[in-house]
Amino acid sequence: MAVNLTELALPQLESLKTQLDQETEFLSSSIGQLKVVQTKYVEAKDSLNVLNKSNEGKELLVPLTSSMYVPGKLHDVDHVLVDVGTGYYVEKKVEDGKEFFKRKIDFLTKQIEKIQPALQEKHAMKQAVVEVMNMKLQQLHSQQASQSVTTKA
């Protein structure tokens with residue numbers, strides 16, 4: 001249902017602007033979160049490139065937390081455990097792991113591409129509301145100015 005913005009009163013326009021602000025903030029936040037997850041998948045996929053026969057048996061640091069590591073040796077360069085969600089891990093061959101991460105990255109890219117047009121549309125709508133609000137405020141000020149001139153005379 002299309003609404004003519006010029007027919008709305010200033011309080012209604014302010015309410016609409018607030019709603020659009022919230023929607024654009026939500027969509028921007030969603031895109032940001034998707035990009036963070038996408039970056040983690042890209043990093044995970046790239047880290048699988050070090051798993052090759054020439055690195056087998058080499059010493060490395062294994063993260064226990066984000067700031068604590070223990071020494072270890074790279075034993076199996078053919079298989080990895082992949083977190084598939086909700087605390088489940090699946091053993092996969094390295095190439096299957098890369099393919100898994102590629103699918104996840106592609107899925108997230110498509111989701112971001114779906115949200116982007118909606119975000120741009122909300123921004124355009126918000127800009128239109130702001131322009132109408134400014135126009136109405138200018139009209140209100142000019143009316144008040146002309147009334148003050150006629151009351152003085």
# chains A, B, ... in the order shown; residues from 1 in each chain; ligands from 1
$ residues_around --residues "Phe100 (chain A)" --least-positions-apart "4" --cutoff "9 Å" --atoms "only C-alpha atoms" --output "list of chain:residue names"
A:Lys45, A:Val82, A:Glu95, A:Asp96, A:Lys104, A:Ile105
$ residues_around --residues "region 2-17 of chain A" --least-positions-apart "6" --cutoff "9 Å" --atoms "only C-alpha atoms" --output "list in words"
Met125, Lys126, Gln127, Ala128, Val129, Val130, Val132, Met133, Lys136 and Leu137 of chain A
$ write_last_selection --atoms "N, CA and C atoms" --output "PDB file, in the first residue's frame"
ATOM      1  N   MET A 125      13.958   5.370   1.236  1.00  0.00           N
ATOM      2  CA  MET A 125      12.690   5.761   1.848  1.00  0.00           C
ATOM      3  C   MET A 125      12.928   6.763   2.974  1.00  0.00           C
ATOM      4  N   LYS A 126      13.941   6.513   3.772  1.00  0.00           N
ATOM      5  CA  LYS A 126      14.263   7.416   4.879  1.00  0.00           C
ATOM      6  C   LYS A 126      14.647   8.791   4.341  1.00  0.00           C
ATOM      7  N   GLN A 127      15.432   8.823   3.275  1.00  0.00           N
ATOM      8  CA  GLN A 127      15.826  10.090   2.675  1.00  0.00           C
ATOM      9  C   GLN A 127      14.610  10.852   2.170  1.00  0.00           C
ATOM     10  N   ALA A 128      13.653  10.145   1.564  1.00  0.00           N
ATOM     11  CA  ALA A 128      12.434  10.788   1.072  1.00  0.00           C
ATOM     12  C   ALA A 128      11.624  11.364   2.232  1.00  0.00           C
ATOM     13  N   VAL A 129      11.544  10.632   3.320  1.00  0.00           N
ATOM     14  CA  VAL A 129      10.806  11.109   4.501  1.00  0.00           C
ATOM     15  C   VAL A 129      11.473  12.360   5.058  1.00  0.00           C
ATOM     16  N   VAL A 130      12.797  12.350   5.154  1.00  0.00           N
ATOM     17  CA  VAL A 130      13.525  13.512   5.674  1.00  0.00           C
ATOM     18  C   VAL A 130      13.300  14.727   4.779  1.00  0.00           C
ATOM     19  N   VAL A 132      10.675  15.373   2.866  1.00  0.00           N
ATOM     20  CA  VAL A 132       9.308  15.850   3.065  1.00  0.00           C
ATOM     21  C   VAL A 132       9.190  16.567   4.401  1.00  0.00           C
ATOM     22  N   MET A 133       9.859  16.033   5.433  1.00  0.00           N
ATOM     23  CA  MET A 133       9.828  16.687   6.743  1.00  0.00           C
ATOM     24  C   MET A 133      10.447  18.085   6.652  1.00  0.00           C
ATOM     25  N   LYS A 136       8.034  20.421   4.896  1.00  0.00           N
ATOM     26  CA  LYS A 136       6.917  20.797   5.770  1.00  0.00           C
ATOM     27  C   LYS A 136       7.368  21.780   6.847  1.00  0.00           C
ATOM     28  N   LEU A 137       8.563  21.575   7.385  1.00  0.00           N
ATOM     29  CA  LEU A 137       9.084  22.501   8.387  1.00  0.00           C
ATOM     30  C   LEU A 137       9.302  23.887   7.789  1.00  0.00           C
TER      31      LEU A 137
END
$ closest_residue --among "A:Leu27, A:Met68, A:Leu140, A:Leu48" --to "Gln120 (chain A)" --atoms "only C-alpha atoms"
A:Leu27
$ select_by_dssp --residues "region 2-130 of chain A" --states "alpha helix (DSSP H)" --output "VMD selection string"
chain A and resid 10 to 47 94 to 130
$ select_by_dssp --residues "chain A" --states "strand (DSSP E)" --output "PyMOL selection string"
chain A and resi 59-65+68-73+79-85+88-93
$ atom_distance --atom1 "CA of Val84 (chain A)" --atom2 "CA of Val37 (chain A)"
13.2 Å
$ residues_around --residues "Pro117 (chain A)" --least-positions-apart "6" --cutoff "12 Å" --atoms "only C-alpha atoms" --output "number ranges by chain"
A: 24, 27-28, 31, 110-111, 123-124
$ atom_distance --atom1 "CA of Lys102 (chain A)" --atom2 "CA of Gln33 (chain A)"
18.0 Å
$ residues_around --residues "Ser47 (chain A)" --least-positions-apart "5" --cutoff "10 Å" --atoms "only C-alpha atoms" --output "PyMOL selection string"
chain A and resi 41-42+98
$ closest_residue --among "A:Asp21, A:Glu59, A:Glu99, A:Glu91" --to "Ala44 (chain A)" --atoms "only C-alpha atoms"
A:Glu99
$ residues_around --residues "His79 (chain A)" --least-positions-apart "2" --cutoff "8 Å" --atoms "only C-alpha atoms" --output "MDAnalysis selection string"
chainID A and resid 76:77 81 91:94
$ write_last_selection --atoms "N, CA and C atoms" --output "PDB file, in the first residue's frame"
ATOM      1  N   ASP A  76      48.101 -35.830  11.292  1.00  0.00           N
ATOM      2  CA  ASP A  76      47.291 -36.258  10.148  1.00  0.00           C
ATOM      3  C   ASP A  76      46.982 -35.048   9.271  1.00  0.00           C
ATOM      4  N   VAL A  77      47.560 -35.013   8.075  1.00  0.00           N
ATOM      5  CA  VAL A  77      47.327 -33.891   7.169  1.00  0.00           C
ATOM      6  C   VAL A  77      46.254 -34.206   6.136  1.00  0.00           C
ATOM      7  N   LEU A  81      38.584 -32.142  11.550  1.00  0.00           N
ATOM      8  CA  LEU A  81      37.284 -32.129  12.202  1.00  0.00           C
ATOM      9  C   LEU A  81      36.652 -30.773  11.919  1.00  0.00           C
ATOM     10  N   GLU A  91      34.305 -35.550  10.868  1.00  0.00           N
ATOM     11  CA  GLU A  91      35.624 -35.752  10.275  1.00  0.00           C
ATOM     12  C   GLU A  91      35.469 -35.760   8.770  1.00  0.00           C
ATOM     13  N   LYS A  92      36.279 -34.947   8.114  1.00  0.00           N
ATOM     14  CA  LYS A  92      36.235 -34.848   6.656  1.00  0.00           C
ATOM     15  C   LYS A  92      37.651 -34.877   6.111  1.00  0.00           C
ATOM     16  N   LYS A  93      37.758 -35.287   4.859  1.00  0.00           N
ATOM     17  CA  LYS A  93      39.030 -35.133   4.160  1.00  0.00           C
ATOM     18  C   LYS A  93      39.233 -33.641   3.924  1.00  0.00           C
ATOM     19  N   VAL A  94      40.482 -33.235   3.789  1.00  0.00           N
ATOM     20  CA  VAL A  94      40.807 -31.820   3.648  1.00  0.00           C
ATOM     21  C   VAL A  94      40.047 -31.196   2.475  1.00  0.00           C
TER      22      VAL A  94
END
$ residues_around --residues "Thr109 (chain A)" --least-positions-apart "3" --cutoff "9 Å" --atoms "only C-alpha atoms" --output "PyMOL selection string"
chain A and resi 34-35+38+104-106+112-114
$ write_last_selection --atoms "N, CA, C and O atoms" --output "PDB file, in the first residue's frame"
ATOM      1  N   LEU A  34      26.694 -11.296   9.255  1.00  0.00           N
ATOM      2  CA  LEU A  34      26.932 -12.271   8.189  1.00  0.00           C
ATOM      3  C   LEU A  34      28.360 -12.159   7.654  1.00  0.00           C
ATOM      4  O   LEU A  34      29.005 -13.171   7.373  1.00  0.00           O
ATOM      5  N   LYS A  35      28.853 -10.936   7.539  1.00  0.00           N
ATOM      6  CA  LYS A  35      30.221 -10.747   7.041  1.00  0.00           C
ATOM      7  C   LYS A  35      31.254 -11.276   8.029  1.00  0.00           C
ATOM      8  O   LYS A  35      32.282 -11.815   7.622  1.00  0.00           O
ATOM      9  N   GLN A  38      31.177 -14.978   7.607  1.00  0.00           N
ATOM     10  CA  GLN A  38      31.779 -15.281   6.308  1.00  0.00           C
ATOM     11  C   GLN A  38      33.299 -15.197   6.384  1.00  0.00           C
ATOM     12  O   GLN A  38      34.000 -16.062   5.853  1.00  0.00           O
ATOM     13  N   LYS A 104      29.471 -22.812   2.433  1.00  0.00           N
ATOM     14  CA  LYS A 104      29.027 -21.891   3.480  1.00  0.00           C
ATOM     15  C   LYS A 104      29.292 -20.437   3.071  1.00  0.00           C
ATOM     16  O   LYS A 104      28.442 -19.561   3.264  1.00  0.00           O
ATOM     17  N   ILE A 105      30.463 -20.185   2.501  1.00  0.00           N
ATOM     18  CA  ILE A 105      30.818 -18.831   2.060  1.00  0.00           C
ATOM     19  C   ILE A 105      29.859 -18.371   0.963  1.00  0.00           C
ATOM     20  O   ILE A 105      29.361 -17.239   0.987  1.00  0.00           O
ATOM     21  N   ASP A 106      29.580 -19.260   0.000  1.00  0.00           N
ATOM     22  CA  ASP A 106      28.654 -18.927  -1.085  1.00  0.00           C
ATOM     23  C   ASP A 106      27.252 -18.644  -0.549  1.00  0.00           C
ATOM     24  O   ASP A 106      26.582 -17.703  -0.996  1.00  0.00           O
ATOM     25  N   ILE A 112      23.772 -12.048   1.955  1.00  0.00           N
ATOM     26  CA  ILE A 112      24.151 -10.628   1.994  1.00  0.00           C
ATOM     27  C   ILE A 112      23.602  -9.913   0.769  1.00  0.00           C
ATOM     28  O   ILE A 112      23.073  -8.801   0.857  1.00  0.00           O
ATOM     29  N   GLU A 113      23.701 -10.573  -0.392  1.00  0.00           N
ATOM     30  CA  GLU A 113      23.193  -9.974  -1.625  1.00  0.00           C
ATOM     31  C   GLU A 113      21.685  -9.804  -1.600  1.00  0.00           C
ATOM     32  O   GLU A 113      21.141  -8.924  -2.263  1.00  0.00           O
ATOM     33  N   LYS A 114      20.979 -10.643  -0.843  1.00  0.00           N
ATOM     34  CA  LYS A 114      19.520 -10.497  -0.714  1.00  0.00           C
ATOM     35  C   LYS A 114      19.160  -9.326   0.195  1.00  0.00           C
ATOM     36  O   LYS A 114      18.156  -8.655  -0.018  1.00  0.00           O
TER      37      LYS A 114
END
$ closest_residue --among "A:Lys122, A:Phe26, A:Thr18, A:Asp46" --to "Phe101 (chain A)" --atoms "only C-alpha atoms"
A:Asp46
